[in-house]
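K.L.:
If it helps, the file is called input_2.txt and holds compact mmCIF, C-alpha atoms:
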```txt
# COMPACT_ATOMS: atom_id res chain seq x y z
CA MET A 1 0.00 0.00 0.00
CA ARG A 2 1.02 3.61 -0.22
CA PHE A 3 -0.51 6.88 0.78
CA ARG A 4 -0.01 10.42 -0.35
CA ALA A 5 -0.56 13.78 1.26
CA GLU A 6 -1.14 16.66 -1.10
CA ASN A 7 -0.77 20.24 0.12
CA ILE A 8 -2.33 19.42 3.45
CA GLY A 9 -2.76 22.00 6.19
CA VAL A 10 -4.07 21.71 9.74
CA ASP A 11 -5.57 24.36 12.02
CA ARG A 12 -5.46 24.19 15.80
CA GLY A 13 -7.12 26.79 17.97
CA GLY A 14 -7.63 29.17 15.04
CA ARG A 15 -3.95 29.07 14.04
CA ARG A 16 -2.56 27.38 10.94
CA LEU A 17 0.01 24.87 12.25
CA PHE A 18 1.40 23.95 8.86
CA SER A 19 0.26 24.19 5.29
CA ASP A 20 1.18 22.99 1.81
CA LEU A 21 2.70 19.83 3.16
CA SER A 22 3.12 17.11 0.52
CA PHE A 23 4.71 13.74 0.88
CA GLU A 24 4.26 10.12 -0.10
CA VAL A 25 4.98 6.97 1.86
CA LYS A 26 5.16 3.54 0.22
CA SER A 27 5.30 0.00 1.55
CA GLY A 28 8.54 -0.61 3.39
CA GLU A 29 9.22 3.07 3.97
CA ALA A 30 9.51 5.05 7.17
CA LEU A 31 8.95 8.77 7.53
CA ILE A 32 10.31 10.48 10.64
CA VAL A 33 8.52 13.69 11.55
CA LEU A 34 10.80 16.15 13.30
CA GLY A 35 10.25 19.61 14.65
CA PRO A 36 10.22 21.74 17.78
CA ASN A 37 7.41 21.48 20.35
CA GLY A 38 4.20 22.84 18.94
CA ALA A 39 5.25 22.43 15.31
CA GLY A 40 2.29 20.12 14.71
CA LYS A 41 3.84 16.64 14.80
CA THR A 42 1.00 15.11 16.83
CA SER A 43 -1.59 17.00 14.80
CA LEU A 44 -0.11 15.62 11.58
CA LEU A 45 -0.35 12.06 12.88
CA ARG A 46 -3.91 12.61 14.11
CA ALA A 47 -4.87 14.10 10.75
CA ILE A 48 -3.49 11.04 8.94
CA ALA A 49 -5.45 8.81 11.33
CA GLY A 50 -8.61 10.76 10.51
CA LEU A 51 -8.97 12.07 14.06
CA LEU A 52 -8.45 15.69 13.03
CA ALA A 53 -10.08 17.43 10.09
CA LEU A 54 -7.79 18.80 7.39
CA ALA A 55 -8.05 22.55 6.82
CA ALA A 56 -6.65 22.18 3.31
CA GLY A 57 -5.39 19.54 0.90
CA ALA A 58 -6.17 15.85 0.72
CA LEU A 59 -4.90 12.47 1.87
CA SER A 60 -5.28 9.53 -0.44
CA ALA A 61 -4.34 5.87 -0.15
CA ASP A 62 -3.93 3.16 -2.75
CA GLY A 63 -4.48 -0.04 -0.87
CA ASP A 64 -3.57 -3.41 -2.21
CA ASP A 65 -5.18 -4.92 0.85
CA ASP A 66 -8.61 -3.46 1.24
CA ASP A 67 -10.28 -0.81 -0.83
CA GLU A 68 -13.16 -0.05 1.51
CA ALA A 69 -11.11 0.78 4.58
CA THR A 70 -10.27 4.39 5.31
CA LEU A 71 -6.68 5.35 5.97
CA GLY A 72 -7.42 5.45 9.70
CA GLU A 73 -8.85 1.94 9.61
CA GLN A 74 -5.62 0.65 8.08
CA ALA A 75 -3.51 2.43 10.68
CA HIS A 76 -2.37 1.77 14.19
CA TYR A 77 -2.39 5.09 16.02
CA LEU A 78 -0.11 5.14 19.04
CA GLY A 79 -0.64 8.44 20.82
CA HIS A 80 0.65 9.89 24.06
CA ALA A 81 -2.00 7.95 25.96
CA ASP A 82 -1.56 4.19 26.05
CA ALA A 83 -5.27 3.31 25.57
CA LEU A 84 -5.07 0.61 28.24
CA LYS A 85 -7.72 -0.02 30.89
CA SER A 86 -6.05 -0.12 34.28
CA ALA A 87 -8.65 -2.50 35.74
CA LEU A 88 -7.91 -5.18 33.15
CA THR A 89 -4.81 -7.34 32.83
CA ALA A 90 -2.26 -6.72 30.08
CA GLY A 91 -3.46 -9.87 28.30
CA GLU A 92 -7.14 -8.85 28.46
CA ASN A 93 -6.30 -5.41 27.11
CA LEU A 94 -4.34 -6.86 24.20
CA GLU A 95 -6.92 -9.53 23.36
CA PHE A 96 -9.63 -6.88 23.30
CA TRP A 97 -7.70 -4.61 20.94
CA ALA A 98 -6.68 -7.55 18.76
CA GLU A 99 -10.37 -8.31 18.15
CA MET A 100 -11.37 -4.67 17.86
CA LEU A 101 -8.64 -3.59 15.43
CA ALA A 102 -8.44 -6.75 13.35
CA SER A 103 -9.39 -6.55 9.72
CA PRO A 104 -12.53 -8.58 9.15
CA PRO A 105 -11.74 -11.96 7.63
CA ARG A 106 -13.17 -12.23 4.15
CA ALA A 107 -13.81 -15.64 2.72
CA ASP A 108 -12.39 -14.73 -0.68
CA ARG A 109 -9.33 -13.08 0.75
CA LEU A 110 -8.45 -15.15 3.75
CA SER A 111 -6.83 -18.17 2.16
CA ARG A 112 -4.92 -16.01 -0.28
CA GLN A 113 -3.67 -13.76 2.49
CA ARG A 114 -2.56 -16.67 4.64
CA GLU A 115 -0.36 -17.93 1.86
CA GLN A 116 1.06 -14.57 0.89
CA ALA A 117 1.46 -12.74 4.14
CA PRO A 118 5.03 -12.94 5.40
CA ALA A 119 5.38 -14.34 8.89
CA ALA A 120 6.06 -10.92 10.39
CA ARG A 121 2.76 -9.53 9.11
CA ARG A 122 0.52 -12.11 10.74
CA PRO A 123 -1.13 -11.00 13.98
CA MET A 124 0.37 -12.57 17.08
CA THR A 125 -1.32 -13.83 20.19
CA ALA A 126 -1.24 -11.49 23.18
CA LEU A 127 1.43 -13.60 24.86
CA ALA A 128 3.66 -13.75 21.78
CA ALA A 129 3.32 -9.99 21.28
CA LEU A 130 4.24 -9.28 24.90
CA ASP A 131 7.15 -11.73 24.64
CA ARG A 132 8.56 -9.80 21.70
CA LEU A 133 8.78 -6.77 23.98
CA GLY A 134 10.22 -8.81 26.83
CA LEU A 135 7.05 -8.62 28.91
CA GLY A 136 5.65 -12.15 28.67
CA HIS A 137 5.59 -12.44 32.46
CA VAL A 138 3.09 -9.58 32.94
CA LEU A 139 0.34 -11.20 30.85
CA ASP A 140 -1.92 -11.69 33.88
CA PHE A 141 -0.92 -8.53 35.75
CA PRO A 142 -3.51 -5.78 36.02
CA VAL A 143 -2.27 -2.77 34.09
CA HIS A 144 -2.50 -0.44 37.11
CA ALA A 145 0.29 -2.49 38.72
CA LEU A 146 2.69 -1.83 35.82
CA SER A 147 5.27 0.95 35.58
CA ALA A 148 5.03 3.71 32.95
CA GLY A 149 7.62 2.01 30.76
CA GLN A 150 5.88 -1.36 31.03
CA LYS A 151 2.54 0.20 30.11
CA ARG A 152 4.17 1.75 27.08
CA ARG A 153 5.54 -1.62 26.06
CA VAL A 154 2.09 -3.22 26.42
CA ALA A 155 0.75 -0.44 24.17
CA LEU A 156 3.51 -1.20 21.66
CA ALA A 157 2.63 -4.91 21.81
CA ARG A 158 -0.81 -3.89 20.47
CA LEU A 159 0.88 -3.10 17.14
CA LEU A 160 1.84 -6.75 16.87
CA ALA A 161 -1.39 -8.24 18.23
CA ALA A 162 -3.47 -6.78 15.39
CA ASP A 163 -2.18 -6.53 11.84
CA ARG A 164 -2.48 -3.09 10.29
CA PRO A 165 -0.02 -1.95 7.61
CA LEU A 166 0.42 1.71 8.61
CA TRP A 167 1.91 2.55 12.00
CA LEU A 168 1.45 6.12 13.23
CA LEU A 169 3.75 6.45 16.21
CA ASP A 170 3.83 9.50 18.44
CA GLU A 171 7.02 9.46 20.52
CA PRO A 172 7.14 5.64 20.54
CA LEU A 173 10.25 5.39 22.70
CA THR A 174 9.06 7.51 25.64
CA ALA A 175 9.70 5.87 29.02
CA LEU A 176 11.44 2.87 27.45
CA ASP A 177 14.79 1.64 28.76
CA GLN A 178 17.74 0.98 26.44
CA ALA A 179 17.00 -2.71 25.98
CA ALA A 180 13.34 -2.08 25.18
CA GLN A 181 14.29 0.67 22.73
CA ALA A 182 16.56 -1.76 20.92
CA ARG A 183 13.83 -4.42 20.86
CA PHE A 184 11.27 -2.01 19.45
CA THR A 185 13.68 -0.68 16.84
CA GLU A 186 14.16 -4.26 15.69
CA ILE A 187 10.36 -4.73 15.57
CA MET A 188 10.02 -1.59 13.45
CA ARG A 189 12.71 -2.87 11.06
CA GLN A 190 10.86 -6.17 10.65
CA HIS A 191 7.57 -4.34 10.06
CA LEU A 192 9.20 -2.34 7.27
CA ALA A 193 10.85 -5.43 5.83
CA ALA A 194 7.44 -7.13 5.72
CA GLY A 195 6.04 -4.27 3.65
CA GLY A 196 4.67 -2.09 6.44
CA LEU A 197 4.69 1.70 6.61
CA ILE A 198 5.76 3.85 9.55
CA VAL A 199 5.21 7.53 10.21
CA ALA A 200 6.81 8.44 13.53
CA ALA A 201 7.01 11.75 15.35
CA THR A 202 9.99 11.80 17.62
CA HIS A 203 12.71 13.80 19.31
CA ALA A 204 14.87 10.78 20.05
CA PRO A 205 16.56 9.53 16.88
CA LEU A 206 15.22 6.23 15.55
CA ALA A 207 17.88 3.93 14.17
CA LEU A 208 16.02 3.06 10.98
CA ASP A 209 18.10 2.78 7.81
CA GLY A 210 16.82 4.70 4.85
CA ALA A 211 14.13 6.53 6.80
CA ARG A 212 13.26 9.88 5.32
CA GLU A 213 12.84 12.94 7.47
CA LEU A 214 10.07 15.49 7.40
CA ARG A 215 10.87 18.69 9.26
CA LEU A 216 7.86 20.65 10.39
CA GLY A 217 8.41 24.33 10.82
CA ALA A 218 10.68 24.22 7.79
CA ALA A 219 8.33 21.74 6.06
CA LEU A 220 10.87 20.15 3.76
CA VAL A 221 11.26 16.48 2.92
CA SER A 222 14.87 15.44 2.66
CA PRO A 223 15.68 13.15 -0.27
CA MET B 1 -17.75 -7.95 13.45
CA MET B 2 -19.71 -10.07 15.91
CA LYS B 3 -16.46 -11.14 17.55
CA ALA B 4 -15.42 -7.52 17.96
CA ALA B 5 -18.81 -6.66 19.46
CA ALA B 6 -18.54 -9.60 21.85
CA ALA B 7 -15.01 -8.57 22.85
CA LEU B 8 -16.20 -5.01 23.55
CA PHE B 9 -19.15 -6.25 25.62
CA LEU B 10 -16.87 -8.52 27.64
CA ARG B 11 -14.38 -5.71 28.25
CA GLU B 12 -17.07 -3.28 29.42
CA TRP B 13 -18.64 -5.93 31.62
CA ARG B 14 -15.29 -6.80 33.24
CA ILE B 15 -14.48 -3.14 33.87
CA ALA B 16 -17.90 -2.56 35.44
CA ARG B 17 -17.46 -5.57 37.68
CA ARG B 18 -13.92 -4.72 38.77
CA ILE B 19 -14.08 -0.98 39.24
CA GLY B 20 -17.38 -1.12 41.06
CA GLY B 21 -19.64 1.84 40.70
CA GLY B 22 -21.67 -0.40 38.43
CA ALA B 23 -24.21 -2.78 39.86
CA SER B 24 -23.50 -2.52 43.57
CA ILE B 25 -23.33 1.27 43.90
CA GLY B 26 -26.46 1.73 41.77
CA LEU B 27 -28.36 -0.77 43.88
CA VAL B 28 -27.30 0.83 47.16
CA PHE B 29 -28.23 4.27 45.81
CA PHE B 30 -31.62 2.90 44.73
CA LEU B 31 -32.14 1.36 48.18
CA ILE B 32 -31.22 4.58 49.99
CA LEU B 33 -33.60 6.70 47.89
CA VAL B 34 -36.46 4.26 48.41
CA THR B 35 -35.73 4.15 52.14
CA LEU B 36 -35.60 7.93 52.50
CA ILE B 37 -39.02 8.63 50.99
CA PRO B 38 -41.14 6.99 53.76
CA PHE B 39 -39.17 8.98 56.32
CA ALA B 40 -40.01 12.17 54.47
CA ILE B 41 -43.67 11.35 53.81
CA GLY B 42 -44.56 9.58 57.03
CA PRO B 43 -45.88 6.09 57.72
CA ASP B 44 -49.17 6.39 55.82
CA LEU B 45 -49.34 3.01 54.08
CA GLY B 46 -52.20 3.99 51.79
CA LEU B 47 -50.35 7.05 50.52
CA LEU B 48 -47.10 5.09 50.11
CA ALA B 49 -48.83 2.36 48.12
CA ARG B 50 -50.41 4.99 45.87
CA ILE B 51 -47.20 6.88 45.09
CA GLY B 52 -44.90 3.82 45.42
CA PRO B 53 -44.58 3.15 41.66
CA ALA B 54 -43.64 6.80 41.10
CA ILE B 55 -41.02 6.65 43.84
CA LEU B 56 -39.51 3.49 42.37
CA TRP B 57 -39.42 5.08 38.94
CA ILE B 58 -37.73 8.29 40.15
CA ALA B 59 -35.20 6.22 42.07
CA GLY B 60 -34.65 4.00 39.03
CA LEU B 61 -34.18 7.03 36.79
CA LEU B 62 -31.55 8.61 39.04
CA ALA B 63 -29.76 5.31 39.65
CA THR B 64 -29.64 4.56 35.92
CA LEU B 65 -28.06 7.90 35.09
CA LEU B 66 -25.55 7.42 37.89
CA GLY B 67 -22.30 6.30 36.33
CA VAL B 68 -23.43 6.84 32.75
CA ASP B 69 -21.26 9.98 32.61
CA ARG B 70 -18.15 7.75 32.65
CA LEU B 71 -19.41 5.77 29.66
CA PHE B 72 -17.20 7.61 27.15
CA GLN B 73 -15.21 9.89 29.44
CA SER B 74 -12.87 7.15 30.65
CA ASP B 75 -12.20 6.08 27.04
CA GLU B 76 -11.57 9.70 26.11
CA GLU B 77 -9.08 10.15 28.95
CA ASP B 78 -6.96 7.07 28.34
CA GLY B 79 -6.90 7.40 24.54
CA SER B 80 -9.11 4.37 23.84
CA LEU B 81 -11.65 6.54 22.03
CA ASP B 82 -9.11 7.44 19.31
CA LEU B 83 -8.69 3.75 18.60
CA LEU B 84 -12.39 2.89 18.85
CA ILE B 85 -13.14 5.50 16.18
CA ASN B 86 -10.82 3.67 13.78
CA ALA B 87 -11.90 0.18 14.79
CA ARG B 88 -13.59 -1.97 12.18
CA LEU B 89 -16.77 -1.89 14.25
CA PRO B 90 -18.75 1.25 13.28
CA LEU B 91 -18.80 3.81 16.07
CA GLU B 92 -22.61 3.61 16.20
CA LEU B 93 -22.35 -0.08 17.05
CA VAL B 94 -19.60 0.64 19.58
CA VAL B 95 -22.03 3.02 21.32
CA LEU B 96 -24.83 0.45 21.21
CA VAL B 97 -22.68 -2.36 22.62
CA LYS B 98 -21.29 -0.12 25.38
CA CYS B 99 -24.85 0.89 26.31
CA ALA B 100 -25.97 -2.73 26.34
CA ALA B 101 -23.11 -3.66 28.66
CA HIS B 102 -23.76 -0.64 30.89
CA TRP B 103 -27.48 -1.47 31.09
CA THR B 104 -26.75 -5.11 31.92
CA ALA B 105 -24.27 -4.20 34.60
CA SER B 106 -26.13 -1.33 36.28
CA ALA B 107 -29.83 -1.19 35.32
CA LEU B 108 -30.70 -4.88 35.13
CA PRO B 109 -29.93 -5.44 38.84
CA LEU B 110 -32.31 -2.55 39.65
CA VAL B 111 -35.08 -4.16 37.61
CA VAL B 112 -34.52 -7.46 39.39
CA ALA B 113 -34.41 -5.83 42.83
CA SER B 114 -37.31 -3.42 42.33
CA PRO B 115 -40.03 -5.86 43.56
CA ILE B 116 -38.09 -6.33 46.79
CA PHE B 117 -37.76 -2.58 47.31
CA GLY B 118 -41.43 -2.22 46.35
CA LEU B 119 -42.33 -4.26 49.42
CA MET B 120 -40.91 -1.43 51.55
CA LEU B 121 -43.45 0.89 49.91
CA ALA B 122 -46.43 -1.37 50.71
CA LEU B 123 -47.10 -2.29 47.08
CA ASP B 124 -49.26 -5.35 46.45
CA ALA B 125 -48.20 -8.26 44.27
CA ARG B 126 -49.76 -6.99 41.04
CA ALA B 127 -48.24 -3.52 41.46
CA LEU B 128 -44.82 -5.11 42.10
CA ALA B 129 -45.07 -7.05 38.85
CA LEU B 130 -46.13 -3.99 36.86
CA VAL B 131 -43.33 -1.84 38.29
CA GLY B 132 -40.81 -4.55 37.45
CA ALA B 133 -42.15 -4.89 33.92
CA SER B 134 -42.28 -1.16 33.23
CA LEU B 135 -38.74 -0.65 34.59
CA ALA B 136 -37.46 -3.55 32.47
CA VAL B 137 -38.92 -2.00 29.33
CA GLY B 138 -38.22 1.64 30.17
CA THR B 139 -34.68 1.67 31.57
CA PRO B 140 -32.99 0.91 28.19
CA ALA B 141 -34.41 4.20 26.92
CA LEU B 142 -32.94 5.98 29.97
CA THR B 143 -29.51 4.44 29.32
CA MET B 144 -29.61 5.44 25.65
CA ILE B 145 -30.65 9.03 26.44
CA GLY B 146 -27.91 9.14 29.06
CA ALA B 147 -25.42 7.90 26.45
CA VAL B 148 -26.15 10.87 24.19
CA GLY B 149 -25.51 13.20 27.11
CA ALA B 150 -22.36 11.26 27.99
CA ALA B 151 -21.09 11.59 24.41
CA LEU B 152 -21.72 15.34 24.42
CA THR B 153 -19.86 15.80 27.72
CA ALA B 154 -17.12 13.20 27.12
CA SER B 155 -14.29 15.70 26.81
CA LEU B 156 -15.36 17.88 29.77
CA ARG B 157 -13.65 17.28 33.07
CA ARG B 158 -16.69 18.02 35.22
CA GLY B 159 -19.29 16.74 32.80
CA GLY B 160 -21.44 14.80 35.26
CA LEU B 161 -23.67 17.68 36.32
CA LEU B 162 -23.99 18.97 32.77
CA LEU B 163 -24.98 15.47 31.69
CA ALA B 164 -27.83 15.47 34.24
CA ILE B 165 -29.01 18.86 32.99
CA ILE B 166 -28.95 17.67 29.37
CA ALA B 167 -30.41 14.21 29.89
CA LEU B 168 -33.02 14.60 32.65
CA PRO B 169 -35.46 16.79 30.67
CA LEU B 170 -35.29 14.30 27.81
CA THR B 171 -36.34 11.49 30.13
CA ILE B 172 -39.68 13.13 31.00
CA PRO B 173 -41.73 11.20 28.38
CA VAL B 174 -40.21 7.92 29.57
CA LEU B 175 -41.03 8.83 33.17
CA ILE B 176 -44.65 9.78 32.33
CA PHE B 177 -45.46 6.57 30.49
CA GLY B 178 -43.41 4.42 32.86
CA VAL B 179 -45.21 5.66 35.96
CA ALA B 180 -48.58 5.50 34.18
CA ALA B 181 -48.01 1.84 33.31
CA ALA B 182 -46.62 0.97 36.73
CA SER B 183 -49.44 2.60 38.72
CA ALA B 184 -52.23 0.93 36.70
CA ALA B 185 -52.57 -1.64 39.46
CA SER B 186 -52.65 0.81 42.35
CA GLY B 187 -55.48 3.05 41.22
CA GLY B 188 -53.70 4.79 38.36
CA ALA B 189 -55.50 6.94 35.83
CA ALA B 190 -54.98 4.67 32.81
CA PRO B 191 -55.21 0.95 32.08
CA PHE B 192 -51.90 -0.89 31.77
CA ALA B 193 -51.55 -1.61 28.06
CA PRO B 194 -51.57 1.83 26.33
CA PRO B 195 -48.86 3.52 28.44
CA PHE B 196 -46.82 0.30 28.46
CA LEU B 197 -46.86 0.12 24.67
CA ALA B 198 -45.95 3.81 24.43
CA LEU B 199 -43.03 3.10 26.79
CA LEU B 200 -41.94 0.23 24.56
CA ALA B 201 -42.10 2.54 21.54
CA LEU B 202 -39.95 5.15 23.31
CA THR B 203 -37.35 2.51 24.13
CA LEU B 204 -37.23 1.22 20.56
CA LEU B 205 -36.96 4.78 19.26
CA ALA B 206 -34.10 5.54 21.67
CA ILE B 207 -32.24 2.34 20.74
CA ALA B 208 -32.61 3.16 17.05
CA GLY B 209 -31.74 6.85 17.22
CA ALA B 210 -29.40 7.44 20.15
CA PRO B 211 -26.38 5.51 18.77
CA PHE B 212 -26.26 7.83 15.76
CA ALA B 213 -26.58 10.95 17.89
CA ALA B 214 -23.95 9.77 20.36
CA ALA B 215 -21.52 8.67 17.63
CA ALA B 216 -21.91 12.01 15.85
CA ALA B 217 -21.20 13.84 19.12
CA LEU B 218 -18.09 11.73 19.74
CA ARG B 219 -16.76 12.30 16.22
CA HIS B 220 -17.44 16.00 16.44
CA ALA B 221 -15.57 16.29 19.74
CA ARG B 222 -12.38 14.98 18.10
CA ASP B 223 -11.61 18.25 16.33
```
As structure tokens, what does this structure read like?
P.N.:
Amino acid sequence: MRFRAENIGVDRGGRRLFSDLSFEVKSGEALIVLGPNGAGKTSLLRAIAGLLALAAGALSADGDDDDEATLGEQAHYLGHADALKSALTAGENLEFWAEMLASPPRADRLSRQREQAPAARRPMTALAALDRLGLGHVLDFPVHALSAGQKRRVALARLLAADRPLWLLDEPLTALDQAAQARFTEIMRQHLAAGGLIVAATHAPLALDGARELRLGAALVSP
Amino acid sequence: MMKAAAALFLREWRIARRIGGGASIGLVFFLILVTLIPFAIGPDLGLLARIGPAILWIAGLLATLLGVDRLFQSDEEDGSLDLLINARLPLELVVLVKCAAHWTASALPLVVASPIFGLMLALDARALALVGASLAVGTPALTMIGAVGAALTASLRRGGLLLAIIALPLTIPVLIFGVAAASAASGGAAPFAPPFLALLALTLLAIAGAPFAAAAALRHARD
């Protein structure tokens, strides 16, 4: 799949955050959104996810997967909040989101997809997803008993528990220790290698080879 | 889609059971209201029996709206709402399933317990049955009306009071027909069937219309 932004602009609180922003992201590509606080990084991600109306321009997607789904429905949005219920266990949270965010199985598509989808693109069980982030032991812990970094890792495990091609990541490495950062960087590399797309807003550099950078404020895409 | 709906229902049900504030608090609130009225009115059994159905309905109305303000607010606060909007279950169905779970967890116990509380108001057997039946049919409408108010106030920090101001006037028709049906046995003005059928119609109308209103309010609040 690929998606394209053409001359998009976003308003917040009566002020134009950015305008005439154009870029294209294809399967296997990562786009890192950089910029000072308040430049509109989060707003850009929310606009791509369809959570914020565009003031100008248009977003379009050519899906090879599913023509009916909107861009937001093909995307995992990872915001500042972890979207976890503190009364439920990590496993219950992940199983819920896996069901809720899964693409509906279509009879005509399912068998074909099973054969074609590379191993890394198949949704994992909650336990396997937590294991990838080194948190398999907290499966049955209530989320309110976890630390901030552990909660973040459970939220990241959601990306693996349900298969969606486009990952919109807002400061994905916040509160993560060095080992977890390395694990998640590896997960992002595998997602890209399996044909996924990543748009990440970050201050901490992400060690992704060949990732392009989009600087808000200056609004230029580097080659 | 059914699996996603089932997963959402299960999640809401578990949260209601674990956090409390669902069934038990509503029941205790209901009990306290019903207990207070005889103290205020005095021990006139004839008067209590005559106004008993109305007391049970007022108590049921207030207890049903108790806790409905958190229906979308907690999802808004922890970021779940952003993900639910882009889930493959339409937001209207998300609203409907959440309301069904909330009704099952908080209003259904009231319906079941209302004959027992009716005994404290000197209602006879037929009046107890009619109150139970009218509450069973009428409380879904109250939950749905409350859900629209909850959606409108989801992003407000102190939305609970505003929710009551928005939702309570809209519940007046439900209250009129509910009390009319319930008091048919204890010397009410109307026979049982016409107000009961009108109550049923109001509930069906609320179930059909409220999800669209609430979903529109939730989408609008994103910007």
K.L.:
Find the residues near region 48-56 of chain A: any atom within 9 Å, counting all atoms listed in the file, skip ones fewer than 3 places away on the same chain, and give them as a list of chain:residue names.
P.N.:
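Final neighbour list, sorted by chain and number: A:Ala5, A:Glu6, A:Asn7, A:Ile8, A:Gly9, A:Val10, A:Asp11, A:Arg16, A:Ser19, A:Asp20, A:Ser43, A:Leu44, A:Leu45, A:Leu59, A:Thr70, A:Leu71, A:Gly72, A:Glu73, A:Gln74, A:Ala75, A:His76, A:Tyr77, A:Leu168, B:Asp82, B:Ile85, B:Asn86, B:Arg219, B:Arg222, B:Asp223.
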K.L.:
From the options A:Leu34, A:Ala90, A:Ala200, A:Leu78, which residue's atoms come nearest to chain B, counting all atoms listed in the file?
P.N.:
A:Leu78
K.L.:
Would you list the contacts of Leu84 (chain B) as a list in words, taking every protein, DNA or RNA residue within 9 Å and counting all atoms listed in the file, but skipping same-chain residues closer than 4 positions in sequence?
P.N.:
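Returned residues: Met100 and Leu101 of chain A; Asp75, Ser80, Arg88, Leu89, Pro90, Leu91 and Val94 of chain B.
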K.L.:
Could you write out that same residue set with C-alpha atoms as a PDB file, in the coordinates of the input?
P.N.:
```pdb
ATOM      1  CA  MET A 100     -11.370  -4.670  17.860  1.00  0.00           C
ATOM      2  CA  LEU A 101      -8.640  -3.590  15.430  1.00  0.00           C
TER       3      LEU A 101
ATOM      4  CA  ASP B  75     -12.200   6.080  27.040  1.00  0.00           C
ATOM      5  CA  SER B  80      -9.110   4.370  23.840  1.00  0.00           C
ATOM      6  CA  ARG B  88     -13.590  -1.970  12.180  1.00  0.00           C
ATOM      7  CA  LEU B  89     -16.770  -1.890  14.250  1.00  0.00           C
ATOM      8  CA  PRO B  90     -18.750   1.250  13.280  1.00  0.00           C
ATOM      9  CA  LEU B  91     -18.800   3.810  16.070  1.00  0.00           C
ATOM     10  CA  VAL B  94     -19.600   0.640  19.580  1.00  0.00           C
TER      11      VAL B  94
END
```
K.L.:
Around region 80-89 of chain A, with edges along x, y and z and 5 Å added on all six sides, what centre and edge lengths do you get, in Å to one decimal, as AutoDock Vina command-line options?
P.N.:
```
--center_x -4.0 --center_y 1.3 --center_z 29.9 --size_x 19.3 --size_y 27.2 --size_z 21.7
```
K.L.:
To one decimal place in Å, what is the distance between CA of Ala58 (chain A) and CA of Ser22 (chain A)?
P.N.:
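The value is 9.4 Å.
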